[in-house]
4 protein chains.
Amino acid sequence: MSDPNRNLVEQIFQRARFVTSLGIKLVSFDWGWCETTLHVSEDLSQQHGFVHAGVVMTIADHSCGGAAASMVPADKDVITVENKTSFLRPASGSSLYCRAKVIRAGKSLVFAEAEVTMIRGDLRVLIAKSSSTLAVVPLR
Amino acid sequence: MSDPNRNLVEQIFQRARFVTSLGIKLVSFDWGWCETTLHVSEDLSQQHGFVHAGVVMTIADHSCGGAAASMVPADKDVITVENKTSFLRPASGSSLYCRAKVIRAGKSLVFAEAEVTMIRGDLRVLIAKSSSTLAVVPLR
Amino acid sequence: MSDPNRNLVEQIFQRARFVTSLGIKLVSFDWGWCETTLHVSEDLSQQHGFVHAGVVMTIADHSCGGAAASMVPADKDVITVENKTSFLRPASGSSLYCRAKVIRAGKSLVFAEAEVTMIRGDLRVLIAKSSSTLAVVPLR
Amino acid sequence: MSDPNRNLVEQIFQRARFVTSLGIKLVSFDWGWCETTLHVSEDLSQQHGFVHAGVVMTIADHSCGGAAASMVPADKDVITVENKTSFLRPASGSSLYCRAKVIRAGKSLVFAEAEVTMIRGDLRVLIAKSSSTLAVVPLR
């Protein structure tokens, strides 16, 4: 993995104010994937006390962006074109974990997927699965 | 529109901590639709200064939930099963506006769509289009 | 609407062997939209006798392609990047009708939506709603 | 895997006229997954000679249905609620292969995913990735 890609992935997490304000952390990444986490506070909940779908979509989509950014040419960046997220189980627990990976990196479009899990007792439970299409755009 | 439905829609916006912490407001609603708005602050931005996709998906999905809640029987509630959002233009401007409407209310599933717009100069610009499937569940 | 666009839309329906073999007809089109229809035969059914989801997705996606093709520059064509279709009601009846429209035509991506309806008695019933992202590519 | 589930999966492929008329074959299946294949003929092509997106969505969605059917209770069946398919590469080659698997089987909803591949030279190439939500319904 090149230094420009490494810098780009890190900047995507450092410079996105919404992501830092929620507390989403970049844990690990390399060519084609990244892993992120988020400690759950009450401010992230929906009306039944679970983590809000919007929080789950935010970590999933942003992590797809991180994974995609790890593979673009040095003078390029990525933006999300569309995202679909399926909510498999209620999101309860103390932290969200997300692993995103690229499934196809084309010249102008990148396709990525993300799995969002939470720890319940001794188990890691899959709570959401997400797929994003991203456009490759000139770096600003 | 019945009183239980009116109460349910209002509670969905009042009791969702993530929605109130972002500043999303319920503007208007009736049987099968609702309208919401959000004043944009810097804490909602992504790395290029636009509103983060996660914010756009949050207002779209939650508004779909409000629209769906306006049509369920008195002892029922709704939860999102899946959401797809297409990002049509960069989200720049001072406020997001969202209108969600139900396109099919079945006994166990409700399908809703949302349009997210922003004001640019004298124009209202469509920045995202979203579709959600929601499950009808017992009211807690 | 220009002649090259008119020709492109017509060719998309004439030259797609799968579309002609199913019997999908281009009914009408102009800048940003097209309408299509399909007479339902038993060979298009799924295991319960309804029209198969694959047929519904085919007419929806191809019609989105037709709508998108009506708006691209003269030396360009379109291909589908992704499609999501929601199945709102069982597809029973003698014909499918589809209206597709462009919701955003960018330089490299076009976003389109399609509604698929059937006639039941005196009513036109919405049986599916579909959204496609299409890439603008050089004309072959 | 129980006999009623085995019978249901087989019937889903035998009784769906659209699926048999295209030539889609059930290759193998067990609890939570199924594999299918389709020999490509010219009648399945789109305007550029590739396999039509509608064919790809049909095998993906129907295979998701087969995977879901392998896990439902004895008196239940499944129908597709929605499907999203991403088209990763042009679909050229002599046969489509599809592997579908369930990622979450709930009481009323099942979530499944499908990968569609083709052989190019010595490589198996991923040409599409698909996700379906299915409703669990009474067996007719």
# chains A, B, ... in the order shown; residues from 1 in each chain; ligands from 1
$ residues_around --residues "segment 66-73 of chain C" --least-positions-apart "6" --cutoff "8 Å" --atoms "only C-alpha atoms" --output "VMD selection string"
chain C and resid 1 5 to 6 8 to 9 12 to 13 29 to 34 100 to 102 105 110 to 112 134 136
$ write_last_selection --atoms "C-alpha atoms" --output "PDB file, in the first residue's frame"
ATOM      1  CA  MET C   1     -34.770  15.499 -27.968  1.00  0.00           C
ATOM      2  CA  ASN C   5     -30.744  10.087 -28.602  1.00  0.00           C
ATOM      3  CA  ARG C   6     -33.942   8.948 -30.333  1.00  0.00           C
ATOM      4  CA  LEU C   8     -30.106   5.205 -29.172  1.00  0.00           C
ATOM      5  CA  VAL C   9     -33.277   4.633 -27.171  1.00  0.00           C
ATOM      6  CA  ILE C  12     -31.574  -0.272 -26.841  1.00  0.00           C
ATOM      7  CA  PHE C  13     -34.950  -1.946 -27.191  1.00  0.00           C
ATOM      8  CA  PHE C  29     -40.406   8.080 -24.814  1.00  0.00           C
ATOM      9  CA  ASP C  30     -38.951  11.562 -24.776  1.00  0.00           C
ATOM     10  CA  TRP C  31     -36.211  13.515 -23.026  1.00  0.00           C
ATOM     11  CA  GLY C  32     -35.707  11.897 -19.610  1.00  0.00           C
ATOM     12  CA  TRP C  33     -38.378   9.203 -19.622  1.00  0.00           C
ATOM     13  CA  CYS C  34     -39.738   6.152 -21.398  1.00  0.00           C
ATOM     14  CA  ALA C 100     -39.046   5.102 -16.066  1.00  0.00           C
ATOM     15  CA  LYS C 101     -37.695   8.602 -15.527  1.00  0.00           C
ATOM     16  CA  VAL C 102     -34.327  10.180 -14.905  1.00  0.00           C
ATOM     17  CA  ALA C 105     -28.297  13.144 -15.213  1.00  0.00           C
ATOM     18  CA  VAL C 110     -27.308   8.920 -14.405  1.00  0.00           C
ATOM     19  CA  PHE C 111     -29.881   8.055 -11.724  1.00  0.00           C
ATOM     20  CA  ALA C 112     -33.265   6.756 -12.863  1.00  0.00           C
ATOM     21  CA  LEU C 134     -26.175   3.983 -14.726  1.00  0.00           C
ATOM     22  CA  VAL C 136     -22.227   7.027 -19.038  1.00  0.00           C
TER      23      VAL C 136
END
$ select_by_dssp --residues "segment 59-140 of chain D" --states "alpha helix (DSSP H)" --output "list in words"
Ile59, Ala60, Asp61, His62, Ser63, Cys64, Gly65, Gly66, Ala67, Ala68 and Ala69 of chain D
$ interface_residues --of "chain C" --to "chain D" --cutoff "6 Å" --atoms "only C-alpha atoms" --output "CSV table (one decimal) with C-alpha atoms, in the first residue's frame"
chain,number,residue,atom,x,y,z
C,12,ILE,CA,-31.6,-0.3,-26.8
C,15,ARG,CA,-31.0,-4.9,-30.2
C,16,ALA,CA,-31.4,-6.4,-26.7
C,17,ARG,CA,-32.2,-10.0,-27.5
C,18,PHE,CA,-33.4,-10.8,-24.0
C,43,ASP,CA,-43.4,-18.7,-19.4
C,44,LEU,CA,-42.8,-15.6,-17.3
C,45,SER,CA,-44.3,-17.0,-14.0
C,46,GLN,CA,-42.7,-18.0,-10.8
C,47,GLN,CA,-43.7,-21.0,-8.7
C,54,GLY,CA,-36.7,-11.3,-12.6
C,58,THR,CA,-35.8,-6.7,-16.3
C,81,VAL,CA,-24.2,0.0,-12.4
C,82,GLU,CA,-26.7,-1.2,-9.8
C,83,ASN,CA,-30.4,-1.6,-9.4
C,84,LYS,CA,-32.7,-2.0,-6.4
C,85,THR,CA,-36.3,-3.1,-6.8
C,86,SER,CA,-39.0,-3.3,-4.1
C,87,PHE,CA,-41.8,-5.7,-4.7
$ residues_around --residues "His39 of chain B" --least-positions-apart "4" --cutoff "9 Å" --atoms "only C-alpha atoms" --output "PyMOL selection string"
chain B and resi 22-25+94-97
$ write_last_selection --atoms "N, CA and C atoms" --output "PDB file, in the first residue's frame"
ATOM      1  N   LEU B  22     -28.771  15.560  16.701  1.00  0.00           N
ATOM      2  CA  LEU B  22     -28.365  16.172  15.424  1.00  0.00           C
ATOM      3  C   LEU B  22     -29.120  17.468  15.164  1.00  0.00           C
ATOM      4  N   GLY B  23     -30.319  17.593  15.730  1.00  0.00           N
ATOM      5  CA  GLY B  23     -31.133  18.783  15.503  1.00  0.00           C
ATOM      6  C   GLY B  23     -32.215  18.600  14.450  1.00  0.00           C
ATOM      7  N   ILE B  24     -32.533  17.340  14.120  1.00  0.00           N
ATOM      8  CA  ILE B  24     -33.602  17.079  13.133  1.00  0.00           C
ATOM      9  C   ILE B  24     -34.958  17.425  13.757  1.00  0.00           C
ATOM     10  N   LYS B  25     -35.744  18.236  13.030  1.00  0.00           N
ATOM     11  CA  LYS B  25     -37.052  18.687  13.507  1.00  0.00           C
ATOM     12  C   LYS B  25     -38.169  18.106  12.642  1.00  0.00           C
ATOM     13  N   SER B  94     -27.375  25.552   3.821  1.00  0.00           N
ATOM     14  CA  SER B  94     -27.507  25.806   5.253  1.00  0.00           C
ATOM     15  C   SER B  94     -28.514  24.899   5.950  1.00  0.00           C
ATOM     16  N   SER B  95     -29.418  24.253   5.191  1.00  0.00           N
ATOM     17  CA  SER B  95     -30.412  23.371   5.810  1.00  0.00           C
ATOM     18  C   SER B  95     -30.758  22.212   4.892  1.00  0.00           C
ATOM     19  N   LEU B  96     -31.053  21.075   5.491  1.00  0.00           N
ATOM     20  CA  LEU B  96     -31.625  19.936   4.770  1.00  0.00           C
ATOM     21  C   LEU B  96     -33.141  19.944   4.982  1.00  0.00           C
ATOM     22  N   TYR B  97     -33.861  19.632   3.905  1.00  0.00           N
ATOM     23  CA  TYR B  97     -35.304  19.432   3.988  1.00  0.00           C
ATOM     24  C   TYR B  97     -35.593  18.029   3.498  1.00  0.00           C
TER      25      TYR B  97
END
$ select_by_dssp --residues "chain D" --states "strand (DSSP E or B)" --output "VMD selection string"
chain D and resid 25 to 30 33 to 39 45 51 76 to 87 95 to 105 109 to 120 123 to 138
$ atom_distance --atom1 "atom CA of Ile103 of chain B" --atom2 "atom CA of Val78 of chain B"
15.0 Å
$ decode --residues "segment 12-119 of chain B" --atoms "C-alpha atoms" --output "CSV table (one decimal), in the first residue's frame"
chain,number,residue,atom,x,y,z
B,12,ILE,CA,-40.5,8.8,17.1
B,13,PHE,CA,-39.0,12.2,16.7
B,14,GLN,CA,-39.0,13.3,20.4
B,15,ARG,CA,-37.6,10.0,21.9
B,16,ALA,CA,-34.8,9.3,19.3
B,17,ARG,CA,-31.8,10.8,21.1
B,18,PHE,CA,-29.6,10.6,17.9
B,19,VAL,CA,-32.2,12.6,16.0
B,20,THR,CA,-32.6,15.3,18.6
B,21,SER,CA,-28.9,15.5,19.2
B,22,LEU,CA,-28.4,16.2,15.4
B,23,GLY,CA,-31.1,18.8,15.5
B,24,ILE,CA,-33.6,17.1,13.1
B,25,LYS,CA,-37.1,18.7,13.5
B,26,LEU,CA,-40.5,17.3,12.6
B,27,VAL,CA,-42.1,20.1,10.6
B,28,SER,CA,-45.4,18.6,9.4
B,29,PHE,CA,-47.0,15.2,8.9
B,30,ASP,CA,-50.3,13.5,8.1
B,31,TRP,CA,-51.6,10.1,7.0
B,32,GLY,CA,-48.8,8.6,4.9
B,33,TRP,CA,-46.2,11.3,4.9
B,34,CYS,CA,-44.0,13.6,7.0
B,35,GLU,CA,-41.7,16.5,6.5
B,36,THR,CA,-38.5,17.3,8.5
B,37,THR,CA,-35.7,19.7,8.5
B,38,LEU,CA,-32.2,20.1,9.9
B,39,HIS,CA,-30.0,23.2,10.2
B,40,VAL,CA,-26.5,22.3,9.0
B,41,SER,CA,-23.6,22.8,11.4
B,42,GLU,CA,-19.9,22.1,10.8
B,43,ASP,CA,-20.2,19.0,13.1
B,44,LEU,CA,-22.3,17.3,10.4
B,45,SER,CA,-19.7,17.6,7.6
B,46,GLN,CA,-17.5,15.1,5.8
B,47,GLN,CA,-13.9,15.6,4.8
B,48,HIS,CA,-14.7,18.0,1.8
B,49,GLY,CA,-17.0,20.2,3.8
B,50,PHE,CA,-20.3,18.8,2.5
B,51,VAL,CA,-23.0,17.3,4.8
B,52,HIS,CA,-22.0,13.7,5.5
B,53,ALA,CA,-23.8,11.0,3.7
B,54,GLY,CA,-24.6,9.5,7.2
B,55,VAL,CA,-26.5,12.6,8.1
B,56,VAL,CA,-28.5,12.5,4.9
B,57,MET,CA,-29.3,8.8,5.4
B,58,THR,CA,-30.3,9.5,9.0
B,59,ILE,CA,-32.9,12.2,8.1
B,60,ALA,CA,-34.1,10.2,5.1
B,61,ASP,CA,-34.5,6.9,7.1
B,62,HIS,CA,-36.0,8.5,10.2
B,63,SER,CA,-38.5,10.5,8.1
B,64,CYS,CA,-39.5,7.2,6.3
B,65,GLY,CA,-40.1,5.8,9.8
B,66,GLY,CA,-42.3,8.8,10.6
B,67,ALA,CA,-44.4,8.5,7.4
B,68,ALA,CA,-44.8,4.7,8.0
B,69,ALA,CA,-45.8,5.3,11.7
B,70,SER,CA,-48.7,7.5,10.6
B,71,MET,CA,-50.4,4.5,9.0
B,72,VAL,CA,-50.0,1.5,11.3
B,73,PRO,CA,-52.7,0.1,13.6
B,74,ALA,CA,-53.0,1.6,17.1
B,75,ASP,CA,-51.0,-1.2,18.9
B,76,LYS,CA,-48.2,-1.3,16.3
B,77,ASP,CA,-44.9,0.4,15.7
B,78,VAL,CA,-42.3,0.3,12.8
B,79,ILE,CA,-38.6,-0.6,12.5
B,80,THR,CA,-36.4,-0.2,9.4
B,81,VAL,CA,-35.5,-3.4,7.6
B,82,GLU,CA,-33.3,-1.9,4.9
B,83,ASN,CA,-32.6,1.5,3.3
B,84,LYS,CA,-31.0,2.4,0.0
B,85,THR,CA,-30.0,6.0,-0.6
B,86,SER,CA,-28.7,7.5,-3.8
B,87,PHE,CA,-26.5,10.7,-3.5
B,88,LEU,CA,-27.4,12.8,-6.5
B,89,ARG,CA,-25.5,16.0,-5.8
B,90,PRO,CA,-23.0,17.2,-3.2
B,91,ALA,CA,-24.9,18.3,0.0
B,92,SER,CA,-24.0,22.0,0.4
B,93,GLY,CA,-26.2,24.6,1.9
B,94,SER,CA,-27.5,25.8,5.3
B,95,SER,CA,-30.4,23.4,5.8
B,96,LEU,CA,-31.6,19.9,4.8
B,97,TYR,CA,-35.3,19.4,4.0
B,98,CYS,CA,-36.8,16.0,3.8
B,99,ARG,CA,-40.2,14.8,2.6
B,100,ALA,CA,-41.0,11.1,3.1
B,101,LYS,CA,-44.1,9.3,1.9
B,102,VAL,CA,-45.4,5.7,2.1
B,103,ILE,CA,-45.7,4.0,-1.3
B,104,ARG,CA,-47.2,0.8,0.1
B,105,ALA,CA,-48.6,0.0,3.6
B,106,GLY,CA,-49.1,-3.8,4.0
B,107,LYS,CA,-50.0,-5.7,7.1
B,108,SER,CA,-46.5,-6.7,8.0
B,109,LEU,CA,-44.3,-4.4,5.8
B,110,VAL,CA,-44.4,-0.8,4.8
B,111,PHE,CA,-42.5,0.7,1.9
B,112,ALA,CA,-41.6,4.4,2.0
B,113,GLU,CA,-39.5,6.8,0.0
B,114,ALA,CA,-37.8,10.1,0.9
B,115,GLU,CA,-36.5,13.1,-1.0
B,116,VAL,CA,-33.8,15.2,0.6
B,117,THR,CA,-33.4,18.8,-0.8
B,118,MET,CA,-31.3,21.9,0.0
B,119,ILE,CA,-31.8,25.5,-1.0
